[in-house]
Amino acid sequence: MLIAGFPAGSFGTNCYLVAPAAGEECVIIDPGIEATQGVEEAVAKHRLKPVAVVLTHGHIDHIASVMPVCGAHDVPAWIHPSDRILLSEPERAFPRSVGMPLLGDLTVGEPDDVRELTDGAELKLAGLEFTVAHAPGHTKGSVTFRMPEQADTPSVFFSGDLLFAGSIGRTDLPGGDHAEILESLARVVLPLDDSTVVLSGHGPQTSIGRERATNPFLREVAAGLGDGARRPAPRRGM
């Protein structure tokens, strides 16, 4: 399996291209601010053919390049219905004083083909399988994508802004909810095998085992000490 990732824009949002191998079809995950060039470079380098864009949530730093990427390759975008409005009205997800400077000259809106993600859905795209889990808390429509273990690779978990190396997503923006993100961590993350590779929306690769042992928020959720996890998380992305 091929996973090509790069951080895009001032928020360093991780965009991923996933394919069975070089020279084959691929899925693009979270093409955010200034991600178009990086996507095209990865497509050319690995001789890939995009067939879909899938989105972990609707914050602008994860969806800003959806329109040009989908348009250039004539592919659909997949997003949870609770965050779909953010494709055309991203300012709903943050205060106006923050949102207007951030939006700048970005062209936002829905691509021609938008499809909705549901909890527990099994997406079969580009010869790959992705299990969708609705994981609200960072936004109402946040989701994760898990790929099953294969002969040559462990299971891979695209966590979006639910889980980072050493931290979790912020919940202080419109649509965020601290109690919900703790519940999502307990329901979606804790059951995963320690060997599962975590590729998050910001920051470095990690594993479920490493986060279970060292991430203070995940440790407290596992111990049933939700109130203790209420100190502010580092604010990566939006």
# chains A, B, ... in the order shown; residues from 1 in each chain; ligands from 1

$ closest_atom_pairs --of "region 49-109 of chain A" --to "region 22-40 of chain A" --cutoff "7 Å" --atoms "only C-alpha atoms" --output "JSON lines"
{"residue": "A:Lys49", "atom": "CA", "partner": "A:Glu25", "partner_atom": "CA", "distance": 4.4}
{"residue": "A:Pro50", "atom": "CA", "partner": "A:Cys26", "partner_atom": "CA", "distance": 4.7}
{"residue": "A:Val51", "atom": "CA", "partner": "A:Val27", "partner_atom": "CA", "distance": 6.0}
{"residue": "A:Ala52", "atom": "CA", "partner": "A:Val27", "partner_atom": "CA", "distance": 5.2}
{"residue": "A:Val53", "atom": "CA", "partner": "A:Ile28", "partner_atom": "CA", "distance": 4.7}
{"residue": "A:Val54", "atom": "CA", "partner": "A:Ile29", "partner_atom": "CA", "distance": 5.0}
{"residue": "A:Leu55", "atom": "CA", "partner": "A:Asp30", "partner_atom": "CA", "distance": 5.1}
{"residue": "A:Thr56", "atom": "CA", "partner": "A:Asp30", "partner_atom": "CA", "distance": 6.7}
{"residue": "A:Ile60", "atom": "CA", "partner": "A:Gly32", "partner_atom": "CA", "distance": 6.7}
{"residue": "A:Asp61", "atom": "CA", "partner": "A:Gly32", "partner_atom": "CA", "distance": 4.7}
{"residue": "A:His62", "atom": "CA", "partner": "A:Gly32", "partner_atom": "CA", "distance": 4.0}
{"residue": "A:Ile63", "atom": "CA", "partner": "A:Gly32", "partner_atom": "CA", "distance": 4.7}
{"residue": "A:Ala64", "atom": "CA", "partner": "A:Gly32", "partner_atom": "CA", "distance": 4.6}
{"residue": "A:Ser65", "atom": "CA", "partner": "A:Gly32", "partner_atom": "CA", "distance": 5.2}
{"residue": "A:Val66", "atom": "CA", "partner": "A:Pro31", "partner_atom": "CA", "distance": 6.0}
{"residue": "A:Val69", "atom": "CA", "partner": "A:Thr36", "partner_atom": "CA", "distance": 6.3}

$ write_last_selection --atoms "N, CA, C and O atoms" --output "tab-separated table (two decimals), in the first residue's frame"
chain	number	residue	atom	x	y	z
A	49	LYS	N	-4.16	7.99	-10.04
A	49	LYS	CA	-5.41	8.47	-10.61
A	49	LYS	C	-6.43	8.66	-9.48
A	49	LYS	O	-6.98	7.69	-8.97
A	50	PRO	N	-6.67	9.89	-9.05
A	50	PRO	CA	-7.64	10.12	-7.97
A	50	PRO	C	-9.05	9.70	-8.39
A	50	PRO	O	-9.48	9.93	-9.53
A	51	VAL	N	-9.76	9.05	-7.45
A	51	VAL	CA	-11.14	8.65	-7.70
A	51	VAL	C	-12.11	9.25	-6.70
A	51	VAL	O	-13.32	9.21	-6.90
A	52	ALA	N	-11.60	9.83	-5.60
A	52	ALA	CA	-12.48	10.42	-4.59
A	52	ALA	C	-11.67	11.28	-3.63
A	52	ALA	O	-10.48	11.04	-3.42
A	53	VAL	N	-12.35	12.27	-3.07
A	53	VAL	CA	-11.84	13.03	-1.94
A	53	VAL	C	-12.72	12.68	-0.74
A	53	VAL	O	-13.95	12.73	-0.83
A	54	VAL	N	-12.10	12.33	0.38
A	54	VAL	CA	-12.86	12.06	1.60
A	54	VAL	C	-12.38	13.00	2.69
A	54	VAL	O	-11.19	13.29	2.79
A	55	LEU	N	-13.32	13.49	3.50
A	55	LEU	CA	-13.04	14.55	4.46
A	55	LEU	C	-13.34	14.12	5.88
A	55	LEU	O	-14.43	13.60	6.16
A	56	THR	N	-12.38	14.34	6.77
A	56	THR	CA	-12.60	13.99	8.18
A	56	THR	C	-13.54	14.97	8.87
A	56	THR	O	-14.22	14.60	9.83
A	60	ILE	N	-12.08	24.76	7.52
A	60	ILE	CA	-11.49	25.27	6.29
A	60	ILE	C	-10.07	24.77	6.06
A	60	ILE	O	-9.65	24.59	4.92
A	61	ASP	N	-9.32	24.51	7.13
A	61	ASP	CA	-7.95	24.03	6.94
A	61	ASP	C	-7.90	22.58	6.47
A	61	ASP	O	-6.82	22.07	6.16
A	62	HIS	N	-9.07	21.94	6.37
A	62	HIS	CA	-9.15	20.58	5.84
A	62	HIS	C	-9.90	20.49	4.51
A	62	HIS	O	-9.80	19.46	3.84
A	63	ILE	N	-10.63	21.55	4.14
A	63	ILE	CA	-11.49	21.45	2.95
A	63	ILE	C	-11.24	22.55	1.91
A	63	ILE	O	-11.90	22.58	0.88
A	64	ALA	N	-10.28	23.44	2.16
A	64	ALA	CA	-10.12	24.62	1.30
A	64	ALA	C	-9.83	24.28	-0.16
A	64	ALA	O	-10.19	25.04	-1.06
A	65	SER	N	-9.17	23.16	-0.41
A	65	SER	CA	-8.81	22.80	-1.79
A	65	SER	C	-9.73	21.75	-2.40
A	65	SER	O	-9.42	21.20	-3.46
A	66	VAL	N	-10.86	21.48	-1.76
A	66	VAL	CA	-11.77	20.47	-2.28
A	66	VAL	C	-12.27	20.84	-3.67
A	66	VAL	O	-12.28	20.01	-4.60
A	69	VAL	N	-9.45	20.50	-6.44
A	69	VAL	CA	-9.00	19.12	-6.58
A	69	VAL	C	-10.09	18.26	-7.21
A	69	VAL	O	-9.83	17.50	-8.16

$ residues_around --residues "Ala165 (chain A)" --least-positions-apart "2" --cutoff "7 Å" --atoms "only C-alpha atoms" --output "list in words"
Leu163, Ser167, Gly203, Pro204, Thr206 and Glu211 of chain A

$ write_last_selection --atoms "all heavy atoms" --output "compact mmCIF listing (two decimals), in the first residue's frame"
# COMPACT_ATOMS: atom_id res chain seq x y z
N LEU A 163 -7.75 12.81 17.33
CA LEU A 163 -6.61 12.35 18.11
C LEU A 163 -5.32 12.76 17.43
O LEU A 163 -5.15 12.56 16.23
CB LEU A 163 -6.65 10.82 18.25
CG LEU A 163 -5.50 10.17 19.01
CD1 LEU A 163 -5.58 10.50 20.50
CD2 LEU A 163 -5.51 8.65 18.79
N SER A 167 -2.03 14.51 22.12
CA SER A 167 -3.11 15.45 22.39
C SER A 167 -4.40 15.02 21.71
O SER A 167 -4.48 13.93 21.11
CB SER A 167 -2.71 16.86 21.95
OG SER A 167 -3.64 17.82 22.41
N GLY A 203 0.45 17.13 12.75
CA GLY A 203 1.52 16.52 13.53
C GLY A 203 1.97 15.18 12.99
O GLY A 203 1.53 14.72 11.94
N PRO A 204 2.85 14.52 13.75
CA PRO A 204 3.51 13.30 13.27
C PRO A 204 2.66 12.06 13.42
O PRO A 204 1.65 12.03 14.13
CB PRO A 204 4.74 13.21 14.17
CG PRO A 204 4.29 13.82 15.47
CD PRO A 204 3.39 14.95 15.07
N THR A 206 1.75 8.40 14.76
CA THR A 206 1.89 7.76 16.05
C THR A 206 1.20 6.40 15.97
O THR A 206 0.94 5.89 14.88
CB THR A 206 1.32 8.64 17.18
OG1 THR A 206 1.58 8.02 18.45
CG2 THR A 206 -0.17 8.90 17.01
N GLU A 211 -0.20 6.12 22.13
CA GLU A 211 -1.12 7.10 22.70
C GLU A 211 -1.82 6.54 23.94
O GLU A 211 -2.05 7.26 24.90
CB GLU A 211 -2.14 7.54 21.65
CG GLU A 211 -1.52 8.25 20.47
CD GLU A 211 -0.56 9.34 20.88
OE1 GLU A 211 -0.98 10.28 21.59
OE2 GLU A 211 0.64 9.24 20.52

$ closest_residue --among "A:Ala223, A:Ala121, A:Ile208, A:Leu199" --to "Asn14 (chain A)" --atoms "only C-alpha atoms"
A:Leu199

$ residues_around --residues "Glu116 (chain A)" --least-positions-apart "6" --cutoff "7 Å" --atoms "only C-alpha atoms" --output "ChimeraX atom specification"
/A:78-81

$ closest_residue --among "A:Leu86, A:Met67, A:Leu125, A:Ala213" --to "Pro20 (chain A)" --atoms "only C-alpha atoms"
A:Leu125

$ residues_around --residues "region 176-193 of chain A" --least-positions-apart "2" --cutoff "6 Å" --atoms "only C-alpha atoms" --output "tab-separated table (two decimals) with N, CA, C and O atoms, in the first residue's frame"
chain	number	residue	atom	x	y	z
A	135	ALA	N	-17.38	10.62	14.78
A	135	ALA	CA	-16.66	10.91	16.02
A	135	ALA	C	-16.78	12.40	16.37
A	135	ALA	O	-15.82	13.16	16.29
A	136	PRO	N	-17.98	12.86	16.73
A	136	PRO	CA	-18.18	14.28	17.01
A	136	PRO	C	-17.43	14.74	18.25
A	136	PRO	O	-17.03	13.93	19.08
A	137	GLY	N	-17.31	16.05	18.36
A	137	GLY	CA	-16.61	16.64	19.49
A	137	GLY	C	-15.75	17.80	19.03
A	137	GLY	O	-15.82	18.90	19.56
A	138	HIS	N	-14.93	17.57	18.01
A	138	HIS	CA	-14.16	18.65	17.38
A	138	HIS	C	-15.11	19.46	16.50
A	138	HIS	O	-15.11	20.69	16.53
A	139	THR	N	-15.90	18.78	15.70
A	139	THR	CA	-17.06	19.35	15.00
A	139	THR	C	-18.18	18.34	15.12
A	139	THR	O	-17.97	17.18	15.47
A	171	THR	N	-11.98	21.98	21.24
A	171	THR	CA	-13.44	21.93	21.28
A	171	THR	C	-14.06	23.30	21.57
A	171	THR	O	-15.23	23.39	21.91
A	172	ASP	N	-13.27	24.36	21.42
A	172	ASP	CA	-13.73	25.69	21.79
A	172	ASP	C	-14.28	26.50	20.61
A	172	ASP	O	-14.64	27.66	20.77
A	173	LEU	N	-14.36	25.91	19.42
A	173	LEU	CA	-14.94	26.58	18.26
A	173	LEU	C	-16.41	26.16	18.11
A	173	LEU	O	-16.82	25.14	18.68
A	174	PRO	N	-17.21	26.93	17.36
A	174	PRO	CA	-18.62	26.56	17.16
A	174	PRO	C	-18.75	25.11	16.67
A	174	PRO	O	-18.05	24.70	15.75
A	195	SER	N	-1.31	-1.88	17.80
A	195	SER	CA	-0.45	-1.81	16.62
A	195	SER	C	-0.99	-0.85	15.55
A	195	SER	O	-0.27	-0.54	14.58
A	196	THR	N	-2.20	-0.38	15.71
A	196	THR	CA	-2.81	0.49	14.71
A	196	THR	C	-2.01	1.76	14.51
A	196	THR	O	-1.70	2.46	15.47

$ residues_around --residues "Leu87 (chain A)" --least-positions-apart "2" --cutoff "10 Å" --atoms "only C-alpha atoms" --output "list in words"
His57, Gly58, His59, Ile60, Ile63, Ala64, Val66, Met67, Ile79, Asp83, Arg84, Ile85, Glu89, Pro90, Glu91, Val108, Gly109, Glu110, Pro111 and Val114 of chain A

$ write_last_selection --atoms "C-alpha atoms" --output "PDB file, in the first residue's frame"
ATOM      1  CA  HIS A  57     -14.529  17.210   8.924  1.00  0.00           C
ATOM      2  CA  GLY A  58     -15.492  20.574   7.491  1.00  0.00           C
ATOM      3  CA  HIS A  59     -13.006  23.061   8.968  1.00  0.00           C
ATOM      4  CA  ILE A  60     -11.489  25.275   6.294  1.00  0.00           C
ATOM      5  CA  ILE A  63     -11.490  21.455   2.950  1.00  0.00           C
ATOM      6  CA  ALA A  64     -10.122  24.615   1.297  1.00  0.00           C
ATOM      7  CA  VAL A  66     -11.773  20.471  -2.283  1.00  0.00           C
ATOM      8  CA  MET A  67     -13.254  22.495  -5.146  1.00  0.00           C
ATOM      9  CA  ILE A  79     -18.355  14.405   4.012  1.00  0.00           C
ATOM     10  CA  ASP A  83     -20.511  19.252   8.373  1.00  0.00           C
ATOM     11  CA  ARG A  84     -21.686  19.528   4.780  1.00  0.00           C
ATOM     12  CA  ILE A  85     -22.831  23.138   5.219  1.00  0.00           C
ATOM     13  CA  GLU A  89     -20.297  28.409   4.607  1.00  0.00           C
ATOM     14  CA  PRO A  90     -17.010  27.670   6.420  1.00  0.00           C
ATOM     15  CA  GLU A  91     -17.364  30.828   8.537  1.00  0.00           C
ATOM     16  CA  VAL A 108     -15.331  27.861  -1.246  1.00  0.00           C
ATOM     17  CA  GLY A 109     -18.425  25.903  -2.162  1.00  0.00           C
ATOM     18  CA  GLU A 110     -19.610  22.413  -2.946  1.00  0.00           C
ATOM     19  CA  PRO A 111     -18.048  20.495  -5.812  1.00  0.00           C
ATOM     20  CA  VAL A 114     -21.007  15.558  -2.894  1.00  0.00           C
TER      21      VAL A 114
END

$ closest_residue --among "A:Asp161, A:Ala126, A:Gly166, A:Gly120" --to "Val75 (chain A)" --atoms "only C-alpha atoms"
A:Ala126

$ closest_residue --among "A:Thr107, A:Ala19, A:Leu218, A:Ser82" --to "Phe130 (chain A)" --atoms "only C-alpha atoms"
A:Ala19

$ select_by_dssp --residues "region 10-233 of chain A" --states "alpha helix (DSSP H)" --output "PDB file with C-alpha atoms, in the first residue's frame"
ATOM      1  CA  THR A  36      -3.614  21.724  -4.578  1.00  0.00           C
ATOM      2  CA  GLN A  37       0.008  21.867  -5.674  1.00  0.00           C
ATOM      3  CA  GLY A  38       1.055  19.184  -3.205  1.00  0.00           C
ATOM      4  CA  VAL A  39      -1.730  16.908  -4.411  1.00  0.00           C
ATOM      5  CA  GLU A  40      -0.728  17.343  -8.054  1.00  0.00           C
ATOM      6  CA  GLU A  41       2.936  16.757  -7.273  1.00  0.00           C
ATOM      7  CA  ALA A  42       2.120  13.526  -5.429  1.00  0.00           C
ATOM      8  CA  VAL A  43      -0.213  12.387  -8.216  1.00  0.00           C
ATOM      9  CA  ALA A  44       2.521  12.959 -10.800  1.00  0.00           C
ATOM     10  CA  LYS A  45       5.330  11.476  -8.711  1.00  0.00           C
ATOM     11  CA  HIS A  46       3.465   8.240  -7.978  1.00  0.00           C
ATOM     12  CA  ILE A  60     -11.489  25.275   6.294  1.00  0.00           C
ATOM     13  CA  ASP A  61      -7.945  24.034   6.937  1.00  0.00           C
ATOM     14  CA  HIS A  62      -9.149  20.578   5.840  1.00  0.00           C
ATOM     15  CA  ILE A  63     -11.490  21.455   2.950  1.00  0.00           C
ATOM     16  CA  VAL A  66     -11.773  20.471  -2.283  1.00  0.00           C
ATOM     17  CA  MET A  67     -13.254  22.495  -5.146  1.00  0.00           C
ATOM     18  CA  PRO A  68     -10.097  22.694  -7.312  1.00  0.00           C
ATOM     19  CA  VAL A  69      -8.995  19.119  -6.580  1.00  0.00           C
ATOM     20  CA  CYS A  70     -12.421  17.598  -7.308  1.00  0.00           C
ATOM     21  CA  GLY A  71     -12.800  19.797 -10.374  1.00  0.00           C
ATOM     22  CA  ALA A  72      -9.397  18.940 -11.815  1.00  0.00           C
ATOM     23  CA  HIS A  73      -9.985  15.192 -11.513  1.00  0.00           C
ATOM     24  CA  ILE A  85     -22.831  23.138   5.219  1.00  0.00           C
ATOM     25  CA  LEU A  86     -19.218  24.090   6.009  1.00  0.00           C
ATOM     26  CA  LEU A  87     -18.209  23.408   2.405  1.00  0.00           C
ATOM     27  CA  SER A  88     -20.145  26.489   1.304  1.00  0.00           C
ATOM     28  CA  ARG A  96     -16.002  36.190  12.279  1.00  0.00           C
ATOM     29  CA  SER A  97     -12.898  37.988  13.588  1.00  0.00           C
ATOM     30  CA  VAL A  98     -10.898  34.820  12.972  1.00  0.00           C
ATOM     31  CA  GLY A  99     -12.733  33.598   9.905  1.00  0.00           C
ATOM     32  CA  MET A 100     -12.641  36.560   7.579  1.00  0.00           C
ATOM     33  CA  PRO A 101      -8.837  37.019   7.554  1.00  0.00           C
ATOM     34  CA  LEU A 102      -8.404  33.250   7.245  1.00  0.00           C
ATOM     35  CA  LEU A 103     -10.775  32.911   4.300  1.00  0.00           C
ATOM     36  CA  HIS A 178     -15.677  18.530  25.111  1.00  0.00           C
ATOM     37  CA  ALA A 179     -17.988  15.841  26.496  1.00  0.00           C
ATOM     38  CA  GLU A 180     -18.655  14.601  22.950  1.00  0.00           C
ATOM     39  CA  ILE A 181     -14.975  14.327  22.045  1.00  0.00           C
ATOM     40  CA  LEU A 182     -14.297  12.320  25.201  1.00  0.00           C
ATOM     41  CA  GLU A 183     -17.163   9.972  24.314  1.00  0.00           C
ATOM     42  CA  SER A 184     -15.804   9.657  20.759  1.00  0.00           C
ATOM     43  CA  ILE A 208      -2.694   3.559  19.335  1.00  0.00           C
ATOM     44  CA  GLY A 209      -0.361   1.753  21.720  1.00  0.00           C
ATOM     45  CA  ARG A 210       1.855   4.805  22.138  1.00  0.00           C
ATOM     46  CA  GLU A 211      -1.120   7.095  22.703  1.00  0.00           C
ATOM     47  CA  ARG A 212      -2.759   4.666  25.106  1.00  0.00           C
ATOM     48  CA  ALA A 213       0.421   4.720  27.180  1.00  0.00           C
ATOM     49  CA  THR A 214       1.411   8.385  26.941  1.00  0.00           C
ATOM     50  CA  PRO A 216      -2.825  12.231  28.961  1.00  0.00           C
ATOM     51  CA  PHE A 217      -6.306  12.704  27.516  1.00  0.00           C
ATOM     52  CA  LEU A 218      -6.623   9.153  26.249  1.00  0.00           C
ATOM     53  CA  ARG A 219      -5.236   7.747  29.489  1.00  0.00           C
ATOM     54  CA  GLU A 220      -7.798   9.651  31.524  1.00  0.00           C
ATOM     55  CA  VAL A 221     -10.637   8.577  29.241  1.00  0.00           C
ATOM     56  CA  ALA A 222      -9.486   4.963  29.563  1.00  0.00           C
TER      57      ALA A 222
END

$ select_by_dssp --residues "region 95-180 of chain A" --states "strand (DSSP E)" --output "list in words"
Val114, Arg115, Glu116, Glu122, Leu123, Lys124, Leu125, Leu128, Glu129, Phe130, Thr131, Val132, Ala133, His134, Val143, Thr144, Phe145, Arg146, Met147, Val156, Phe157, Phe158, Ser159, Gly160, Leu163, Phe164, Ser167 and Ile168 of chain A
